[in-house]
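J.: For reference, this is model_36.txt, and it has compact mmCIF, C-alpha atoms (C1' of nucleotides).
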```
# COMPACT_ATOMS: atom_id res chain seq x y z
CA MET A 1 79.04 330.26 28.02
CA ASP A 2 79.69 327.67 25.35
CA GLU A 3 76.47 325.95 26.34
CA VAL A 4 74.53 329.18 25.88
CA PHE A 5 75.76 329.61 22.31
CA LYS A 6 75.07 325.98 21.45
CA ALA A 7 71.60 326.25 22.98
CA LEU A 8 70.83 329.36 20.97
CA ALA A 9 72.11 327.75 17.76
CA ASP A 10 68.89 325.82 17.19
CA ALA A 11 65.83 327.54 15.76
CA SER A 12 63.40 325.28 17.63
CA ARG A 13 65.02 326.23 20.91
CA ARG A 14 64.96 329.92 20.05
CA SER A 15 61.25 329.64 19.31
CA LEU A 16 60.74 327.94 22.67
CA LEU A 17 62.39 330.95 24.26
CA ASP A 18 60.06 333.13 22.23
CA ARG A 19 57.08 331.22 23.56
CA LEU A 20 58.29 331.56 27.11
CA HIS A 21 58.92 335.22 26.54
CA ALA A 22 55.33 335.60 25.34
CA ARG A 23 54.01 333.73 28.37
CA ASN A 24 56.31 332.73 31.16
CA GLY A 25 55.89 329.67 33.37
CA GLN A 26 54.41 327.22 30.86
CA THR A 27 54.29 323.47 31.27
CA LEU A 28 55.93 321.02 28.88
CA ASN A 29 52.63 320.12 27.23
CA GLU A 30 51.68 323.73 26.78
CA LEU A 31 55.01 324.37 25.09
CA CYS A 32 54.40 321.40 22.78
CA GLU A 33 51.08 322.71 21.45
CA GLY A 34 51.13 323.49 17.75
CA LEU A 35 54.68 322.34 17.25
CA ALA A 36 55.52 319.75 14.60
CA MET A 37 57.57 317.78 17.08
CA THR A 38 56.99 315.07 19.62
CA ARG A 39 56.84 315.88 23.32
CA GLN A 40 60.12 314.04 23.84
CA ALA A 41 61.89 316.21 21.30
CA VAL A 42 60.70 319.31 23.14
CA THR A 43 61.81 317.75 26.43
CA LYS A 44 65.32 317.41 25.04
CA HIS A 45 65.38 320.99 23.80
CA LEU A 46 64.19 322.25 27.17
CA ALA A 47 66.86 320.18 28.92
CA ILE A 48 69.51 321.85 26.77
CA LEU A 49 68.08 325.28 27.52
CA GLU A 50 68.02 324.38 31.20
CA GLN A 51 71.64 323.27 31.19
CA ALA A 52 72.59 326.52 29.50
CA ASN A 53 70.73 328.26 32.29
CA LEU A 54 68.46 329.96 29.81
CA VAL A 55 65.41 328.31 31.32
CA THR A 56 64.65 327.64 34.96
CA THR A 57 62.12 325.01 35.97
CA ILE A 58 60.06 324.33 39.03
CA ARG A 59 58.03 321.27 39.83
CA HIS A 60 54.59 322.02 41.06
CA GLY A 61 52.72 318.82 41.70
CA ARG A 62 52.83 316.77 38.53
CA GLU A 63 53.50 319.84 36.45
CA LYS A 64 56.86 321.34 35.58
CA LEU A 65 56.76 325.06 35.03
CA HIS A 66 59.33 326.63 32.68
CA TYR A 67 60.62 330.13 33.18
CA LEU A 68 62.85 332.13 30.89
CA ASN A 69 66.10 333.29 32.41
CA PRO A 70 67.29 336.38 30.53
CA VAL A 71 70.61 336.67 32.35
CA PRO A 72 72.86 334.60 30.03
CA ILE A 73 71.48 336.34 26.95
CA HIS A 74 72.14 339.60 28.65
CA GLN A 75 75.70 338.45 29.33
CA ILE A 76 76.29 337.88 25.62
CA GLY A 77 75.38 341.49 25.11
CA GLU A 78 77.74 342.47 27.88
CA ARG A 79 80.74 340.37 26.92
CA TRP A 80 80.63 339.62 23.22
CA ILE A 81 78.97 342.59 21.76
CA LYS A 82 80.85 345.05 23.87
CA LYS A 83 84.04 343.31 22.81
CA PHE A 84 83.37 343.80 19.15
CA GLU A 85 81.30 346.89 19.39
CA ARG A 86 84.17 349.32 19.75
CA GLY A 87 84.24 351.12 16.50
CA LYS A 88 80.99 349.43 15.54
CA LEU A 89 80.25 351.11 12.29
CA ALA A 90 83.81 352.32 12.06
CA ALA A 91 84.94 348.81 11.20
CA LEU A 92 83.12 348.61 7.92
CA GLY A 93 83.84 352.16 6.95
CA GLU A 94 87.52 351.81 7.70
CA LEU A 95 87.54 348.48 5.93
CA LYS A 96 86.48 350.07 2.70
CA ARG A 97 88.96 352.89 3.11
CA GLN A 98 91.87 350.54 3.76
CA LEU A 99 91.05 348.39 0.79
CA GLU A 100 90.80 351.34 -1.53
CA LYS A 101 94.26 352.41 -0.38
CA ARG A 102 95.63 348.87 -0.73
CA ASP A 103 94.35 348.28 -4.23
CA GLU A 104 95.60 351.50 -5.72
CA MET B 1 70.09 335.26 11.46
CA ASP B 2 69.99 331.51 11.92
CA GLU B 3 73.38 331.29 10.23
CA VAL B 4 74.82 333.80 12.68
CA PHE B 5 73.73 331.74 15.69
CA LYS B 6 75.03 328.53 14.15
CA ALA B 7 78.32 330.18 13.30
CA LEU B 8 78.71 331.47 16.84
CA ALA B 9 77.88 328.06 18.29
CA ASP B 10 81.37 326.70 17.71
CA ALA B 11 84.21 327.61 20.05
CA SER B 12 86.84 327.40 17.31
CA ARG B 13 84.94 329.91 15.25
CA ARG B 14 84.45 332.22 18.20
CA SER B 15 88.20 332.12 18.81
CA LEU B 16 88.77 332.96 15.15
CA LEU B 17 86.60 336.02 15.68
CA ASP B 18 88.69 336.81 18.75
CA ARG B 19 91.84 336.62 16.67
CA LEU B 20 90.41 338.90 14.05
CA HIS B 21 89.27 341.26 16.74
CA ALA B 22 92.80 341.33 18.11
CA ARG B 23 94.22 341.98 14.64
CA ASN B 24 91.96 342.61 11.72
CA GLY B 25 92.73 341.71 8.12
CA GLN B 26 94.70 338.50 8.61
CA THR B 27 95.35 335.87 5.96
CA LEU B 28 94.24 332.27 6.22
CA ASN B 29 97.72 331.04 7.13
CA GLU B 30 98.13 333.70 9.78
CA LEU B 31 94.85 332.62 11.33
CA CYS B 32 96.05 329.01 11.33
CA GLU B 33 99.19 329.70 13.34
CA GLY B 34 99.26 328.02 16.71
CA LEU B 35 95.94 326.25 16.19
CA ALA B 36 95.66 322.50 16.62
CA MET B 37 93.81 322.19 13.35
CA THR B 38 94.65 321.78 9.71
CA ARG B 39 94.47 324.72 7.35
CA GLN B 40 91.49 323.12 5.62
CA ALA B 41 89.55 322.95 8.86
CA VAL B 42 90.15 326.64 9.40
CA THR B 43 89.09 327.31 5.80
CA LYS B 44 85.77 325.63 6.50
CA HIS B 45 85.23 327.62 9.69
CA LEU B 46 86.00 330.85 7.90
CA ALA B 47 83.60 329.93 5.12
CA ILE B 48 80.84 329.48 7.68
CA LEU B 49 81.69 332.80 9.31
CA GLU B 50 81.68 334.40 5.88
CA GLN B 51 78.27 332.96 5.03
CA ALA B 52 76.95 334.29 8.31
CA ASN B 53 78.33 337.65 7.29
CA LEU B 54 80.47 337.78 10.42
CA VAL B 55 83.65 337.91 8.36
CA THR B 56 84.29 339.77 5.15
CA THR B 57 87.12 338.77 2.85
CA ILE B 58 89.08 340.45 0.16
CA ARG B 59 91.51 338.90 -2.28
CA HIS B 60 94.73 340.80 -2.59
CA GLY B 61 97.02 339.02 -5.00
CA ARG B 62 97.37 335.46 -3.82
CA GLU B 63 96.38 336.40 -0.32
CA LYS B 64 92.88 336.50 1.13
CA LEU B 65 92.46 339.05 3.90
CA HIS B 66 89.83 338.40 6.57
CA TYR B 67 87.99 341.20 8.29
CA LEU B 68 85.63 340.98 11.20
CA ASN B 69 82.14 342.31 10.57
CA PRO B 70 80.63 343.31 13.91
CA VAL B 71 77.20 344.18 12.50
CA PRO B 72 75.42 340.79 12.93
CA ILE B 73 76.69 340.43 16.47
CA HIS B 74 75.46 343.89 17.14
CA GLN B 75 72.09 342.90 15.73
CA ILE B 76 71.79 340.07 18.24
CA GLY B 77 72.21 342.67 20.91
CA GLU B 78 69.58 344.81 19.25
CA ARG B 79 66.99 342.16 18.53
CA TRP B 80 67.38 339.30 20.94
CA ILE B 81 68.67 340.93 24.04
CA LYS B 82 66.30 343.83 23.80
CA LYS B 83 63.50 341.36 23.35
CA PHE B 84 64.23 339.53 26.56
CA GLU B 85 65.79 342.38 28.42
CA ARG B 86 62.55 344.00 29.52
CA GLY B 87 62.42 343.38 33.18
CA LYS B 88 65.92 341.95 33.07
CA LEU B 89 66.60 341.40 36.71
CA ALA B 90 62.89 341.62 37.42
CA ALA B 91 62.39 338.21 35.85
CA LEU B 92 64.42 336.32 38.38
CA GLY B 93 63.18 338.34 41.29
CA GLU B 94 59.58 337.93 40.26
CA LEU B 95 60.19 334.26 39.61
CA LYS B 96 61.14 333.68 43.21
CA ARG B 97 58.22 335.70 44.46
CA GLN B 98 55.70 333.83 42.32
CA LEU B 99 57.01 330.47 43.39
CA GLU B 100 56.92 331.33 47.03
CA LYS B 101 53.27 332.29 46.62
CA ARG B 102 52.48 329.17 44.61
CA ASP B 103 54.07 326.72 47.02
CA GLU B 104 52.43 328.01 50.16
C1' DT C 1 41.29 302.80 43.77
C1' DT C 2 41.72 303.12 39.26
C1' DG C 3 42.09 305.55 35.13
C1' DA C 4 43.80 309.60 32.96
C1' DC C 5 47.24 312.97 32.64
C1' DA C 6 52.12 315.17 33.10
C1' DG C 7 56.38 314.01 32.53
C1' DG C 8 60.92 310.92 32.38
C1' DC C 9 64.09 307.38 30.46
C1' DA C 10 66.38 304.68 27.01
C1' DA C 11 67.28 302.73 22.66
C1' DC C 12 67.56 303.68 18.16
C1' DC C 13 68.05 306.27 13.54
C1' DA C 14 69.33 309.76 9.89
C1' DT C 15 71.63 313.86 9.08
C1' DT C 16 74.80 317.36 10.14
C1' DT C 17 79.17 318.75 11.68
C1' DG C 18 84.07 319.18 12.49
C1' DG C 19 87.75 317.25 11.12
C1' DT C 20 91.06 314.71 8.14
C1' DT C 21 94.07 313.55 3.73
C1' DG C 22 95.25 314.15 -1.04
C1' DC C 23 95.59 316.71 -4.91
C1' DC C 24 94.90 320.97 -7.88
C1' DT C 25 95.32 326.12 -9.19
C1' DA C 26 97.12 330.67 -9.00
C1' DT C 27 100.49 334.04 -7.73
C1' DT C 28 104.99 335.53 -6.33
C1' DA C 29 110.03 335.44 -5.91
C1' DT C 30 114.57 333.61 -7.44
C1' DA D 1 111.33 329.24 -16.06
C1' DT D 2 110.66 327.10 -11.88
C1' DA D 3 110.18 326.48 -7.16
C1' DA D 4 107.88 328.04 -3.20
C1' DT D 5 103.87 330.06 -1.29
C1' DA D 6 98.70 331.00 -0.54
C1' DG D 7 94.72 329.10 -1.06
C1' DG D 8 90.73 325.88 -3.12
C1' DC D 9 88.21 321.49 -3.98
C1' DA D 10 86.53 316.91 -3.06
C1' DA D 11 86.18 312.57 -0.89
C1' DC D 12 85.98 310.55 3.20
C1' DC D 13 85.29 309.58 8.42
C1' DA D 14 83.84 309.73 13.34
C1' DA D 15 81.17 311.96 16.55
C1' DA D 16 77.48 315.00 17.78
C1' DT D 17 72.73 316.40 16.97
C1' DG D 18 67.74 316.39 16.36
C1' DG D 19 64.44 313.52 16.01
C1' DT D 20 61.68 309.23 16.62
C1' DT D 21 59.12 305.14 19.21
C1' DG D 22 58.12 302.45 23.25
C1' DC D 23 57.58 302.00 27.84
C1' DC D 24 57.83 303.49 32.82
C1' DT D 25 56.77 306.57 37.05
C1' DG D 26 54.34 309.85 39.73
C1' DT D 27 50.24 312.72 40.73
C1' DC D 28 45.56 314.04 40.51
C1' DA D 29 40.48 313.35 39.98
C1' DA D 30 36.26 310.16 39.50
```
For the structure just supplied, provide its representation as structure tokens.
T.:
Amino acid sequence: MDEVFKALADASRRSLLDRLHARNGQTLNELCEGLAMTRQAVTKHLAILEQANLVTTIRHGREKLHYLNPVPIHQIGERWIKKFERGKLAALGELKRQLEKRDE
Amino acid sequence: MDEVFKALADASRRSLLDRLHARNGQTLNELCEGLAMTRQAVTKHLAILEQANLVTTIRHGREKLHYLNPVPIHQIGERWIKKFERGKLAALGELKRQLEKRDE
DNA sequence: TTGACAGGCAACCATTTGGTTGCCTATTAT
DNA sequence: ATAATAGGCAACCAAATGGTTGCCTGTCAA
């Protein structure tokens, strides 16, 4: 899980996920197009995403296809959000109320 | 939004959020208790969480109370997850199917 | 079979990050 | 008034991070 958060921390990597979301199964070179980054930089980002299990790859001949894996992101929603979500809006509302009481 | 992801990338900071979730409105020194870190390190983490709007603080006399703000985390769930969630399980299932076809 | 294309590996570099220590300020309690 | 308490600021440091360049390997097409 730690790896997922670290992987998502970088904007370049998030945009790579965006690209894969737009069109799944792209090759490395396709993912490089239009980016102000060398191919090797992208390779590193993809490796990090792969290790975090956010991207799955498959070799097909000399090409490596990249597929988005939505499961870990979904798990954040399941574990983290849910954890803090109880009393979602209530938190801020109650916060204000408590402080008003405290500072009287 | 970038700040939120960066703030969540660190395990120490996530555990600070856990602590605040367990008991909201703690002071800096309370949050330091039992951690293998100096007070100043915790201060820095809290500053980052504050900048990401994940923690709201209020001065009360010489104390600074820290409150968890669940809204940005909730927004991840709203924006990111939703974005990739379409065809949640479908993605992996379809992935396998496509590859089986491709590699025949 | 040979060149072009897709990708991998490794060394290197600058900046960011997570942490430290040391000292300063403000508030509270004795 | 003064000591203890709660927190802030700044300089500094080591390690991690995001990026580069250079070169190597494997696969496909002419």
J.: Starting from chain D, keep only residues with some atom at most 12 Å from an atom of chain A, counting all atoms listed in the file, and report them as a tab-separated table (two decimals) with C-alpha atoms (C1' of nucleotides), in the frame of the given file.
T.:
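Saved the output as iface37.tsv:
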```tsv
chain	number	residue	atom	x	y	z
D	16	DA	C1'	77.48	315.00	17.78
D	17	DT	C1'	72.73	316.40	16.97
D	18	DG	C1'	67.74	316.39	16.36
D	19	DG	C1'	64.44	313.52	16.01
D	20	DT	C1'	61.68	309.23	16.62
D	21	DT	C1'	59.12	305.14	19.21
D	22	DG	C1'	58.12	302.45	23.25
D	25	DT	C1'	56.77	306.57	37.05
D	26	DG	C1'	54.34	309.85	39.73
D	27	DT	C1'	50.24	312.72	40.73
D	28	DC	C1'	45.56	314.04	40.51
```
J.: Please report, as JSON lines, each residue of chain C lying at most 10 Å from chain B, together with the nearest pair of atoms and the separation in Å rounded to one decimal; use only C-alpha atoms (C1' of nucleotides), and order rows by chain and ascending residue number.
T.:
```
{"residue": "C:DG18", "atom": "C1'", "partner": "B:Ala41", "partner_atom": "CA", "distance": 7.6}
{"residue": "C:DG19", "atom": "C1'", "partner": "B:Ala41", "partner_atom": "CA", "distance": 6.4}
{"residue": "C:DT20", "atom": "C1'", "partner": "B:Thr38", "partner_atom": "CA", "distance": 8.1}
{"residue": "C:DA26", "atom": "C1'", "partner": "B:Arg62", "partner_atom": "CA", "distance": 7.1}
{"residue": "C:DT27", "atom": "C1'", "partner": "B:Arg62", "partner_atom": "CA", "distance": 5.2}
{"residue": "C:DT28", "atom": "C1'", "partner": "B:Arg62", "partner_atom": "CA", "distance": 8.0}
```
J.: May I have the protein, DNA and RNA residues with any atom at most 10 Å from the point (64.5, 305.3, 30.5), counting all atoms listed in the file, written as a list in words?
T.: DG8, DC9, DA10 and DA11 of chain C; DC23 and DC24 of chain D
J.: I'd like the neighbourhood of stretch 27-30 of chain A as a list in words, where a residue qualifies if any of its atoms comes within 8 Å (using only C-alpha atoms (C1' of nucleotides)), though same-chain residues fewer than 3 positions away should be ignored.
T.: Glu33, Arg39, Val42, Thr43, Glu63, Lys64, Leu65 and His66 of chain A; DA6 and DG7 of chain C
J.: Which distance in Å separates atom CA of A:Arg14 and atom CA of B:Met1, to one decimal?
T.: 11.3 Å
J.: Can you tell me how far atom CA of B:Arg23 sits from atom CA of B:Thr56, in Å to one decimal?
T.: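 Rounded to one decimal, the two atoms are 13.9 Å apart.
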J.: Any idea what the distance is between atom CA of A:Val4 and atom CA of A:Asn53?
T.: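 Straight-line distance from atom CA of A:Val4 to atom CA of A:Asn53 works out to 7.5 Å.
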J.: Can you pull out the residues contacting D:DA11? Cut-off 12 Å, using only C-alpha atoms (C1' of nucleotides), and skip same-chain residues under 5 positions away; I want them as a list in words.
T.: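 Using only C-alpha atoms (C1' of nucleotides), the neighbours found are DT20, DT21, DG22 and DC23 of chain C.
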J.: Please provide as a JSON list (two decimals) with C-alpha atoms, keeping the file's coordinate frame all residues within 12 Å of B:Leu8, with the sequence filter that same-chain residues fewer than 5 positions apart are discarded (counting only C-alpha atoms (C1' of nucleotides)).
T.:
```json
[["chain", "number", "residue", "atom", "x", "y", "z"],
["A", 1, "MET", "CA", 79.04, 330.26, 28.02],
["A", 2, "ASP", "CA", 79.69, 327.67, 25.35],
["A", 3, "GLU", "CA", 76.47, 325.95, 26.34],
["A", 4, "VAL", "CA", 74.53, 329.18, 25.88],
["A", 5, "PHE", "CA", 75.76, 329.61, 22.31],
["A", 6, "LYS", "CA", 75.07, 325.98, 21.45],
["A", 7, "ALA", "CA", 71.60, 326.25, 22.98],
["A", 8, "LEU", "CA", 70.83, 329.36, 20.97],
["A", 9, "ALA", "CA", 72.11, 327.75, 17.76],
["A", 10, "ASP", "CA", 68.89, 325.82, 17.19],
["A", 76, "ILE", "CA", 76.29, 337.88, 25.62],
["A", 80, "TRP", "CA", 80.63, 339.62, 23.22],
["B", 1, "MET", "CA", 70.09, 335.26, 11.46],
["B", 2, "ASP", "CA", 69.99, 331.51, 11.92],
["B", 3, "GLU", "CA", 73.38, 331.29, 10.23],
["B", 13, "ARG", "CA", 84.94, 329.91, 15.25],
["B", 14, "ARG", "CA", 84.45, 332.22, 18.20],
["B", 15, "SER", "CA", 88.20, 332.12, 18.81],
["B", 16, "LEU", "CA", 88.77, 332.96, 15.15],
["B", 17, "LEU", "CA", 86.60, 336.02, 15.68],
["B", 18, "ASP", "CA", 88.69, 336.81, 18.75],
["B", 45, "HIS", "CA", 85.23, 327.62, 9.69],
["B", 46, "LEU", "CA", 86.00, 330.85, 7.90],
["B", 48, "ILE", "CA", 80.84, 329.48, 7.68],
["B", 49, "LEU", "CA", 81.69, 332.80, 9.31],
["B", 50, "GLU", "CA", 81.68, 334.40, 5.88],
["B", 51, "GLN", "CA", 78.27, 332.96, 5.03],
["B", 52, "ALA", "CA", 76.95, 334.29, 8.31],
["B", 53, "ASN", "CA", 78.33, 337.65, 7.29],
["B", 54, "LEU", "CA", 80.47, 337.78, 10.42],
["B", 55, "VAL", "CA", 83.65, 337.91, 8.36],
["B", 72, "PRO", "CA", 75.42, 340.79, 12.93],
["B", 73, "ILE", "CA", 76.69, 340.43, 16.47],
["B", 76, "ILE", "CA", 71.79, 340.07, 18.24]]
```
